[in-house]
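Participant: Mind looking over this structure? Questions follow.
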Amino acid sequence: MDITGILTAIEASWLGVTIRDVAWLFPMLETLHFMGLCTLFGSLMVIDLRLLGIARFIPMGPAMSFVPISIGAFLVNLCSGIGFFCADPFTYYPNLAFRIKMILILVAGLNAVWFQYIEAPKIKSLPPGTSTTLTVKAIAALSLMLWTGVIVMGRMIPYLEDWSNLQ
Amino acid sequence: MEFLTWIEGTAVALWVRESLWGYPIVLSSHAVGMAIVVGMVSMIDIRVLGFARKIPISSFNSLFNLTWAGFAINFTSGCMLFSGDAIKFFNSTPFRIKIILIILGMISVWMLLREVKGMDSGVSSTKARIIAAVSLLCWFGAITAGRLTAYL
């Protein structure tokens with residue numbers, strides 16, 4: 001099946017039809033998506049600003065207990081995001097802002113996985129007030145920048161359809 | 001009403017409404033500011049409600065300046081967005097509810113910070129927890145009302 005066939009099938013799917021037909025579903029999913037983004041960004045701020053040293057008095061171990069909140073909020077946004085896509089796949093798929101947003105999420109995800117499996121085990125028992133390595137700080141700064149980019153690109157979807165919009 | 005018409009005619013309003021990038025740039029700033037303010041406030045709220053009790057509440061203090069910066073971004077971008085379509089926003093019921101919820105949310109954050117001052121121990125007082133719950137409801141309610149402003 002080519003991409004047009006796939007998008008047509010997604011558009012005709014039960015999920016896509018339902019979200020288009022029930023008037024309040026799309027605004028409700030948008031609201032959930034906004035709540036999810038605040039929760040995700042909030043929990044990442046606690047973790048990343050601790051790693052960067054700005055909130056250095058937060059003990060490292062408990063700061064890490066915010067990771068499941070980040071993951072939960074991301075899942076809320078993944079599900080609501082899939083809902084948006086199914087409702088209107090031909091708008092989202094070719095959209096430039098949407099594509100940049102997806103790439104940024106992918107890079108942010110890889111950055112988080114790298115941190116979680118390679119750097120986090122080394123610093124778990126770091127006492128309050130202590131500084132992290134430069135690598136960890138770079139990961140934390142990158143995380144905040146990437147997710148800020150994700151928010152901006154998400155908001156740009158209606159205004160940045162393709163390169164011609166950039167003039 | 002004359003005042004609202006005047007606002008809609010200001011240079012800022014024209015830039016937001018008619019320039020190519022004015023509206024998307026201001027709208028994106030508003031989304032980033034929202035993530036900072038509601039994100040940070042809700043994390044402090046859940047800490048007071050009992051999550052991650054090992055974190056002393058005072059260690060969040062250094063993050064609070066950032067929350068104020070986020071609020072400044074959103075107050076500025078919010079005023080700009082309002083100016084672009086002042087009459088519509090002024091008459092919108094969800095928008096009015098949003099503004100009320102933000103004011104209540106700010107009052108609850110102010111009360112919460114007073115209540116937990118110097119109380120670093122694991123469990124917060126019942127009063128502090130009630131204020132934290134009200135704060136969460138206000139800020140998430142403001143997001144809901146803000147979204148509905150675009151539809152109703």
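Numbering starts fresh at 1 for the residues of each chain in the structure tokens, the chains themselves are lettered A, B, ... in the order given, and ligands are numbered from 1 as they appear.
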List every residue of chain A that has an atom at most 9 Å from any atom of chain B, giving for each one its closest atom pair and the distance in Å to one decimal, counting only C-alpha atoms, sorted by chain and then by ascending residue number, as JSON lines.
Facilitator:
{"residue": "A:Pro27", "atom": "CA", "partner": "B:Arg147", "partner_atom": "CA", "distance": 7.0}
{"residue": "A:Met28", "atom": "CA", "partner": "B:Thr144", "partner_atom": "CA", "distance": 8.3}
{"residue": "A:Glu30", "atom": "CA", "partner": "B:Arg147", "partner_atom": "CA", "distance": 7.4}
{"residue": "A:Thr31", "atom": "CA", "partner": "B:Thr144", "partner_atom": "CA", "distance": 5.6}
{"residue": "A:Leu32", "atom": "CA", "partner": "B:Thr144", "partner_atom": "CA", "distance": 8.4}
{"residue": "A:Phe34", "atom": "CA", "partner": "B:Ile143", "partner_atom": "CA", "distance": 7.2}
{"residue": "A:Met35", "atom": "CA", "partner": "B:Phe140", "partner_atom": "CA", "distance": 6.7}
{"residue": "A:Leu37", "atom": "CA", "partner": "B:Ala35", "partner_atom": "CA", "distance": 6.6}
{"residue": "A:Cys38", "atom": "CA", "partner": "B:Ala35", "partner_atom": "CA", "distance": 4.4}
{"residue": "A:Thr39", "atom": "CA", "partner": "B:Gly39", "partner_atom": "CA", "distance": 5.2}
{"residue": "A:Leu40", "atom": "CA", "partner": "B:Gly39", "partner_atom": "CA", "distance": 7.4}
{"residue": "A:Phe41", "atom": "CA", "partner": "B:Gly39", "partner_atom": "CA", "distance": 5.8}
{"residue": "A:Gly42", "atom": "CA", "partner": "B:Gly39", "partner_atom": "CA", "distance": 3.5}
{"residue": "A:Ser43", "atom": "CA", "partner": "B:Met43", "partner_atom": "CA", "distance": 6.5}
{"residue": "A:Leu44", "atom": "CA", "partner": "B:Gly39", "partner_atom": "CA", "distance": 8.9}
{"residue": "A:Met45", "atom": "CA", "partner": "B:Met40", "partner_atom": "CA", "distance": 7.4}
{"residue": "A:Val46", "atom": "CA", "partner": "B:Met40", "partner_atom": "CA", "distance": 7.8}
{"residue": "A:Leu49", "atom": "CA", "partner": "B:Leu63", "partner_atom": "CA", "distance": 8.0}
{"residue": "A:Ile54", "atom": "CA", "partner": "B:Ser62", "partner_atom": "CA", "distance": 6.8}
{"residue": "A:Ala55", "atom": "CA", "partner": "B:Ser62", "partner_atom": "CA", "distance": 5.6}
{"residue": "A:Arg56", "atom": "CA", "partner": "B:Ser59", "partner_atom": "CA", "distance": 7.8}
{"residue": "A:Phe57", "atom": "CA", "partner": "B:Ser59", "partner_atom": "CA", "distance": 5.2}
{"residue": "A:Ile58", "atom": "CA", "partner": "B:Ser59", "partner_atom": "CA", "distance": 5.3}
{"residue": "A:Pro59", "atom": "CA", "partner": "B:Ile55", "partner_atom": "CA", "distance": 6.4}
{"residue": "A:Gly61", "atom": "CA", "partner": "B:Lys54", "partner_atom": "CA", "distance": 8.9}
{"residue": "A:Pro62", "atom": "CA", "partner": "B:Ala52", "partner_atom": "CA", "distance": 5.9}
{"residue": "A:Ala63", "atom": "CA", "partner": "B:Ile55", "partner_atom": "CA", "distance": 7.5}
{"residue": "A:Ser65", "atom": "CA", "partner": "B:Ala52", "partner_atom": "CA", "distance": 6.6}
{"residue": "A:Phe66", "atom": "CA", "partner": "B:Ala52", "partner_atom": "CA", "distance": 7.9}
{"residue": "A:Thr148", "atom": "CA", "partner": "B:Val32", "partner_atom": "CA", "distance": 6.6}
{"residue": "A:Ile151", "atom": "CA", "partner": "B:Val32", "partner_atom": "CA", "distance": 6.5}
{"residue": "A:Val152", "atom": "CA", "partner": "B:Ser28", "partner_atom": "CA", "distance": 5.1}
{"residue": "A:Met153", "atom": "CA", "partner": "B:Ser28", "partner_atom": "CA", "distance": 8.1}
{"residue": "A:Gly154", "atom": "CA", "partner": "B:Ser28", "partner_atom": "CA", "distance": 8.5}
{"residue": "A:Arg155", "atom": "CA", "partner": "B:Ser28", "partner_atom": "CA", "distance": 5.6}
{"residue": "A:Met156", "atom": "CA", "partner": "B:Pro24", "partner_atom": "CA", "distance": 6.3}
{"residue": "A:Pro158", "atom": "CA", "partner": "B:Pro24", "partner_atom": "CA", "distance": 8.7}
{"residue": "A:Tyr159", "atom": "CA", "partner": "B:Pro24", "partner_atom": "CA", "distance": 6.8}
Participant: Suppose we keep C-alpha atoms; can you now write the selection as a PDB file, in the first residue's frame?
Facilitator:
ATOM      1  CA  PRO A  27     -11.632  20.204  21.707  1.00  0.00           C
ATOM      2  CA  MET A  28     -11.570  17.698  24.580  1.00  0.00           C
ATOM      3  CA  GLU A  30      -6.840  19.335  22.618  1.00  0.00           C
ATOM      4  CA  THR A  31      -7.463  20.224  26.266  1.00  0.00           C
ATOM      5  CA  LEU A  32      -5.965  16.892  27.371  1.00  0.00           C
ATOM      6  CA  PHE A  34      -2.395  20.909  26.667  1.00  0.00           C
ATOM      7  CA  MET A  35      -2.686  19.477  30.189  1.00  0.00           C
ATOM      8  CA  LEU A  37       2.235  19.120  27.761  1.00  0.00           C
ATOM      9  CA  CYS A  38       2.214  21.195  30.956  1.00  0.00           C
ATOM     10  CA  THR A  39       2.657  18.082  33.107  1.00  0.00           C
ATOM     11  CA  LEU A  40       5.411  16.715  30.857  1.00  0.00           C
ATOM     12  CA  PHE A  41       7.275  20.025  30.708  1.00  0.00           C
ATOM     13  CA  GLY A  42       6.798  20.648  34.435  1.00  0.00           C
ATOM     14  CA  SER A  43       8.218  17.286  35.468  1.00  0.00           C
ATOM     15  CA  LEU A  44      11.108  17.704  33.007  1.00  0.00           C
ATOM     16  CA  MET A  45      11.869  21.140  34.452  1.00  0.00           C
ATOM     17  CA  VAL A  46      12.242  19.644  37.942  1.00  0.00           C
ATOM     18  CA  LEU A  49      16.989  22.091  36.215  1.00  0.00           C
ATOM     19  CA  ILE A  54      19.794  25.633  39.000  1.00  0.00           C
ATOM     20  CA  ALA A  55      17.669  23.661  41.479  1.00  0.00           C
ATOM     21  CA  ARG A  56      20.685  22.004  43.079  1.00  0.00           C
ATOM     22  CA  PHE A  57      19.101  21.647  46.516  1.00  0.00           C
ATOM     23  CA  ILE A  58      16.588  19.116  45.265  1.00  0.00           C
ATOM     24  CA  PRO A  59      18.024  15.685  46.216  1.00  0.00           C
ATOM     25  CA  GLY A  61      17.061  10.452  43.919  1.00  0.00           C
ATOM     26  CA  PRO A  62      13.640  12.030  44.646  1.00  0.00           C
ATOM     27  CA  ALA A  63      14.044  14.321  41.618  1.00  0.00           C
ATOM     28  CA  SER A  65      10.828  10.081  40.947  1.00  0.00           C
ATOM     29  CA  PHE A  66       9.347  12.626  38.513  1.00  0.00           C
ATOM     30  CA  THR A 148      10.356  23.862  23.900  1.00  0.00           C
ATOM     31  CA  ILE A 151       5.658  23.002  21.845  1.00  0.00           C
ATOM     32  CA  VAL A 152       6.458  25.790  19.364  1.00  0.00           C
ATOM     33  CA  MET A 153       6.242  23.499  16.335  1.00  0.00           C
ATOM     34  CA  GLY A 154       2.955  22.036  17.591  1.00  0.00           C
ATOM     35  CA  ARG A 155       1.481  25.531  17.814  1.00  0.00           C
ATOM     36  CA  MET A 156       2.863  26.349  14.355  1.00  0.00           C
ATOM     37  CA  PRO A 158      -1.801  25.662  11.294  1.00  0.00           C
ATOM     38  CA  TYR A 159       0.630  28.359  10.110  1.00  0.00           C
TER      39      TYR A 159
END
Participant: Tell me which protein, DNA and RNA residues are within 10 Å of Ile139 of chain A, counting only C-alpha atoms, leaving out same-chain ones fewer than 2 positions away, and put them as a VMD selection string.
Facilitator: chain A and resid 48 51 to 52 108 111 to 112 114 to 115 119 134 to 137 141 to 145
Participant: Let's see if you can do this: from backbone DSSP, list all alpha helix (DSSP H) residues in segment 5-143 of chain A, as a ChimeraX atom specification.
Facilitator: /A:5-12,14-21,25-52,60-64,67-87,89-92,96-114,120-123,134-143
Participant: So how many Å separate atom CA of Val12 of chain B and atom CA of Leu81 of chain B, to one decimal?
Facilitator: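 Computed distance, atom CA of Val12 of chain B to atom CA of Leu81 of chain B, equals 9.2 Å.
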Participant: May I ask which of the residues B:Ala69, B:Cys138, B:Ser124, B:Ala86 is the closest one to Ile100 of chain B, counting only C-alpha atoms?
Facilitator: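 Comparing B:Ala69, B:Cys138, B:Ser124, B:Ala86 against Ile100 of chain B, the winner is B:Cys138.
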Participant: Grab the atom CA of Pro94 of chain B to atom CA of Leu75 of chain A distance for me, in Å with one decimal place.
Facilitator: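 About the pair atom CA of Pro94 of chain B and atom CA of Leu75 of chain A: they are 27.8 Å apart.
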